[in-house]
Amino acid sequence: MTTNKKSSAKRHERTRARRCALQVFYTAEIQGCAASTVMDDERFLSEEGPLSDYARSLIVGVEQNLAAIDQRLKESSENWSVDRMPVVDRMVLRMAVYEMEYVDMVPVSVAINEAVELAKDFGGEDDSPRFVNGVLGRISRALEEEGAATSITAAESAFEEEVAGE
């Protein structure tokens with residue numbers, strides 16, 4: 001298999017995993033329990049088949065980082081509390097923020113594009129894709145700014161260490 005076919009297959013696998021994870025999150029929301037419980041008990045319907053390792057890592061990762069993810073969403077969604085967001089939009093946003101902040105192998109642009117596609121396919125509102133794209137765009141810009149600030153701080157620290165060593 002060529003490199004392009006491998007990367008295409010990997011992308012398709014992750015797309016499928018995101019769809020499955022979203023179904024688990026939605027089921028958990030409706031049942032009023034943790035997504036990991038739904039996952040472990042296999043209490044969800046999936047057209048996509050059994051959960052892949054990536055779907056499982058999304059579910060566990062979002063749950064483990066939920067407070068930080070929701071804080072990021074709160075800071076980035078204008079005039080929307082996280083609790084008042086439509087269920088599917090909230091779940092899609094949480095998965096995307098998790099990927100953007102914690103999964104190095106997924107480029108930010110891919111996480112955003114995949115989230116918008118999920119919002120198109122599963123969102124209940126006509127403006128779900130636009131809403132998801134807008135929130136994630138603001139988060140992306142914030143991450144870029146934070147990354148630039150971190151790079152500057154690291155460079156300043158290295159310079160200070162070099163000067164102190166002279």
# chains A, B, ... in the order shown; residues from 1 in each chain; ligands from 1
call {"tool": "select_by_dssp", "arguments": {"residues": "segment 7-153 of chain A", "states": "alpha helix (DSSP H)", "output": "ChimeraX atom specification"}}
result
/A:7-31,35-41,53-64,66-76,87-102,108-122,128-153
call {"tool": "closest_atom_pairs", "arguments": {"of": "segment 38-72 of chain A", "to": "segment 94-109 of chain A", "cutoff": "10 Å", "atoms": "only C-alpha atoms", "output": "CSV"}}
result
residue,atom,partner,partner_atom,distance
A:Ser57,CA,A:Val103,CA,9.9
A:Leu58,CA,A:Met95,CA,6.7
A:Ile59,CA,A:Met95,CA,8.0
A:Gly61,CA,A:Tyr98,CA,7.0
A:Val62,CA,A:Tyr98,CA,5.9
A:Glu63,CA,A:Arg94,CA,9.4
A:Gln64,CA,A:Tyr98,CA,9.9
A:Asn65,CA,A:Tyr98,CA,7.6
A:Leu66,CA,A:Arg94,CA,7.8
A:Ala68,CA,A:Tyr98,CA,9.3
A:Ile69,CA,A:Arg94,CA,6.3
A:Asp70,CA,A:Arg94,CA,7.3
A:Arg72,CA,A:Val97,CA,8.0
call {"tool": "write_last_selection", "arguments": {"atoms": "C-alpha atoms", "output": "mmCIF file, in the first residue's frame"}}
result
data_model
loop_
_atom_site.group_PDB
_atom_site.id
_atom_site.type_symbol
_atom_site.label_atom_id
_atom_site.label_comp_id
_atom_site.auth_asym_id
_atom_site.auth_seq_id
_atom_site.Cartn_x
_atom_site.Cartn_y
_atom_site.Cartn_z
ATOM 1 C CA SER A 57 -9.515 7.151 23.151
ATOM 2 C CA LEU A 58 -11.776 10.067 22.140
ATOM 3 C CA ILE A 59 -14.410 9.066 24.684
ATOM 4 C CA GLY A 61 -9.932 11.677 26.591
ATOM 5 C CA VAL A 62 -12.961 13.960 26.489
ATOM 6 C CA GLU A 63 -14.193 12.625 29.838
ATOM 7 C CA GLN A 64 -10.785 13.023 31.494
ATOM 8 C CA ASN A 65 -10.384 16.594 30.242
ATOM 9 C CA LEU A 66 -14.030 17.680 30.365
ATOM 10 C CA ALA A 68 -10.763 22.143 30.727
ATOM 11 C CA ILE A 69 -12.609 21.508 27.455
ATOM 12 C CA ASP A 70 -15.821 23.090 28.748
ATOM 13 C CA ARG A 72 -12.319 26.552 26.625
#
call {"tool": "residues_around", "arguments": {"residues": "Val132 of chain A", "least_positions_apart": "3", "cutoff": "10 Å", "atoms": "only C-alpha atoms", "output": "PDB file with N, CA, C and O atoms, in the first residue's frame"}}
result
ATOM      1  N   SER A  77     -17.334  30.663  23.124  1.00  0.00           N
ATOM      2  CA  SER A  77     -18.670  30.706  22.525  1.00  0.00           C
ATOM      3  C   SER A  77     -19.389  31.957  23.015  1.00  0.00           C
ATOM      4  O   SER A  77     -19.667  32.095  24.199  1.00  0.00           O
ATOM      5  N   ASP A  89     -24.269  19.573  18.969  1.00  0.00           N
ATOM      6  CA  ASP A  89     -23.229  20.588  18.799  1.00  0.00           C
ATOM      7  C   ASP A  89     -22.237  20.548  19.954  1.00  0.00           C
ATOM      8  O   ASP A  89     -21.019  20.603  19.746  1.00  0.00           O
ATOM      9  N   ARG A  90     -22.742  20.440  21.174  1.00  0.00           N
ATOM     10  CA  ARG A  90     -21.872  20.395  22.352  1.00  0.00           C
ATOM     11  C   ARG A  90     -20.940  19.184  22.301  1.00  0.00           C
ATOM     12  O   ARG A  90     -19.741  19.295  22.563  1.00  0.00           O
ATOM     13  N   VAL A  92     -20.007  17.428  19.610  1.00  0.00           N
ATOM     14  CA  VAL A  92     -19.078  17.606  18.489  1.00  0.00           C
ATOM     15  C   VAL A  92     -17.967  18.573  18.886  1.00  0.00           C
ATOM     16  O   VAL A  92     -16.779  18.315  18.635  1.00  0.00           O
ATOM     17  N   LEU A  93     -18.341  19.677  19.519  1.00  0.00           N
ATOM     18  CA  LEU A  93     -17.349  20.656  19.951  1.00  0.00           C
ATOM     19  C   LEU A  93     -16.379  20.069  20.974  1.00  0.00           C
ATOM     20  O   LEU A  93     -15.171  20.299  20.886  1.00  0.00           O
ATOM     21  N   ALA A  96     -13.881  17.862  19.185  1.00  0.00           N
ATOM     22  CA  ALA A  96     -12.949  18.649  18.378  1.00  0.00           C
ATOM     23  C   ALA A  96     -11.935  19.379  19.251  1.00  0.00           C
ATOM     24  O   ALA A  96     -10.736  19.403  18.945  1.00  0.00           O
ATOM     25  N   ILE A 112     -11.220  20.633  12.957  1.00  0.00           N
ATOM     26  CA  ILE A 112     -12.302  21.578  12.655  1.00  0.00           C
ATOM     27  C   ILE A 112     -13.153  21.071  11.505  1.00  0.00           C
ATOM     28  O   ILE A 112     -14.390  21.040  11.602  1.00  0.00           O
ATOM     29  N   ASN A 113     -12.519  20.657  10.419  1.00  0.00           N
ATOM     30  CA  ASN A 113     -13.271  20.174   9.253  1.00  0.00           C
ATOM     31  C   ASN A 113     -14.132  18.959   9.595  1.00  0.00           C
ATOM     32  O   ASN A 113     -15.286  18.859   9.172  1.00  0.00           O
ATOM     33  N   ALA A 115     -15.308  18.163  12.527  1.00  0.00           N
ATOM     34  CA  ALA A 115     -16.397  18.600  13.410  1.00  0.00           C
ATOM     35  C   ALA A 115     -17.523  19.251  12.610  1.00  0.00           C
ATOM     36  O   ALA A 115     -18.703  19.004  12.870  1.00  0.00           O
ATOM     37  N   VAL A 116     -17.169  20.072  11.647  1.00  0.00           N
ATOM     38  CA  VAL A 116     -18.183  20.719  10.808  1.00  0.00           C
ATOM     39  C   VAL A 116     -18.977  19.667  10.035  1.00  0.00           C
ATOM     40  O   VAL A 116     -20.204  19.761   9.920  1.00  0.00           O
ATOM     41  N   GLU A 117     -18.288  18.652   9.515  1.00  0.00           N
ATOM     42  CA  GLU A 117     -18.984  17.573   8.795  1.00  0.00           C
ATOM     43  C   GLU A 117     -19.932  16.812   9.713  1.00  0.00           C
ATOM     44  O   GLU A 117     -21.053  16.469   9.323  1.00  0.00           O
ATOM     45  N   LEU A 118     -19.503  16.541  10.950  1.00  0.00           N
ATOM     46  CA  LEU A 118     -20.383  15.879  11.905  1.00  0.00           C
ATOM     47  C   LEU A 118     -21.604  16.749  12.203  1.00  0.00           C
ATOM     48  O   LEU A 118     -22.719  16.245  12.311  1.00  0.00           O
ATOM     49  N   ALA A 119     -21.382  18.045  12.342  1.00  0.00           N
ATOM     50  CA  ALA A 119     -22.499  18.963  12.596  1.00  0.00           C
ATOM     51  C   ALA A 119     -23.468  18.985  11.417  1.00  0.00           C
ATOM     52  O   ALA A 119     -24.679  19.053  11.606  1.00  0.00           O
ATOM     53  N   LYS A 120     -22.938  18.892  10.197  1.00  0.00           N
ATOM     54  CA  LYS A 120     -23.808  18.833   9.007  1.00  0.00           C
ATOM     55  C   LYS A 120     -24.637  17.559   9.021  1.00  0.00           C
ATOM     56  O   LYS A 120     -25.829  17.580   8.708  1.00  0.00           O
ATOM     57  N   GLY A 123     -26.244  17.444  13.294  1.00  0.00           N
ATOM     58  CA  GLY A 123     -26.772  18.610  13.998  1.00  0.00           C
ATOM     59  C   GLY A 123     -28.246  18.816  13.716  1.00  0.00           C
ATOM     60  O   GLY A 123     -28.716  18.587  12.606  1.00  0.00           O
ATOM     61  N   ASP A 127     -28.101  25.944  11.324  1.00  0.00           N
ATOM     62  CA  ASP A 127     -26.868  26.708  11.503  1.00  0.00           C
ATOM     63  C   ASP A 127     -25.837  25.988  12.374  1.00  0.00           C
ATOM     64  O   ASP A 127     -24.835  26.574  12.758  1.00  0.00           O
ATOM     65  N   SER A 128     -26.041  24.702  12.669  1.00  0.00           N
ATOM     66  CA  SER A 128     -25.075  23.941  13.468  1.00  0.00           C
ATOM     67  C   SER A 128     -23.664  23.969  12.877  1.00  0.00           C
ATOM     68  O   SER A 128     -22.708  24.250  13.606  1.00  0.00           O
ATOM     69  N   PRO A 129     -23.501  23.691  11.569  1.00  0.00           N
ATOM     70  CA  PRO A 129     -22.134  23.711  11.028  1.00  0.00           C
ATOM     71  C   PRO A 129     -21.470  25.087  11.167  1.00  0.00           C
ATOM     72  O   PRO A 129     -20.286  25.172  11.501  1.00  0.00           O
ATOM     73  N   VAL A 135     -17.087  28.690  16.617  1.00  0.00           N
ATOM     74  CA  VAL A 135     -16.506  28.445  17.942  1.00  0.00           C
ATOM     75  C   VAL A 135     -15.105  27.852  17.793  1.00  0.00           C
ATOM     76  O   VAL A 135     -14.150  28.301  18.439  1.00  0.00           O
ATOM     77  N   LEU A 136     -14.964  26.855  16.926  1.00  0.00           N
ATOM     78  CA  LEU A 136     -13.656  26.213  16.759  1.00  0.00           C
ATOM     79  C   LEU A 136     -12.648  27.150  16.108  1.00  0.00           C
ATOM     80  O   LEU A 136     -11.451  27.077  16.408  1.00  0.00           O
ATOM     81  N   GLY A 137     -13.100  28.035  15.256  1.00  0.00           N
ATOM     82  CA  GLY A 137     -12.200  29.037  14.666  1.00  0.00           C
ATOM     83  C   GLY A 137     -11.625  29.949  15.739  1.00  0.00           C
ATOM     84  O   GLY A 137     -10.425  30.262  15.732  1.00  0.00           O
TER      85      GLY A 137
END
call {"tool": "residues_around", "arguments": {"residues": "Glu29 of chain A", "least_positions_apart": "6", "cutoff": "10 Å", "atoms": "only C-alpha atoms", "output": "list of chain:residue names"}}
result
A:Gln23, A:Ala35, A:Val38, A:Val87, A:Val88, A:Met91
call {"tool": "atom_distance", "arguments": {"atom1": "atom CA of Arg18 of chain A", "atom2": "atom CA of Val60 of chain A"}}
result
12.7 Å
call {"tool": "atom_distance", "arguments": {"atom1": "atom CA of Ala142 of chain A", "atom2": "atom CA of Glu75 of chain A"}}
result
10.0 Å
call {"tool": "closest_residue", "arguments": {"among": "A:Asp41, A:Glu144, A:Asp83, A:Asp53", "to": "Arg16 of chain A", "atoms": "only C-alpha atoms"}}
result
A:Asp53
call {"tool": "closest_residue", "arguments": {"among": "A:Val82, A:Thr37, A:Glu13, A:Glu114", "to": "Tyr54 of chain A", "atoms": "only C-alpha atoms"}}
result
A:Glu13
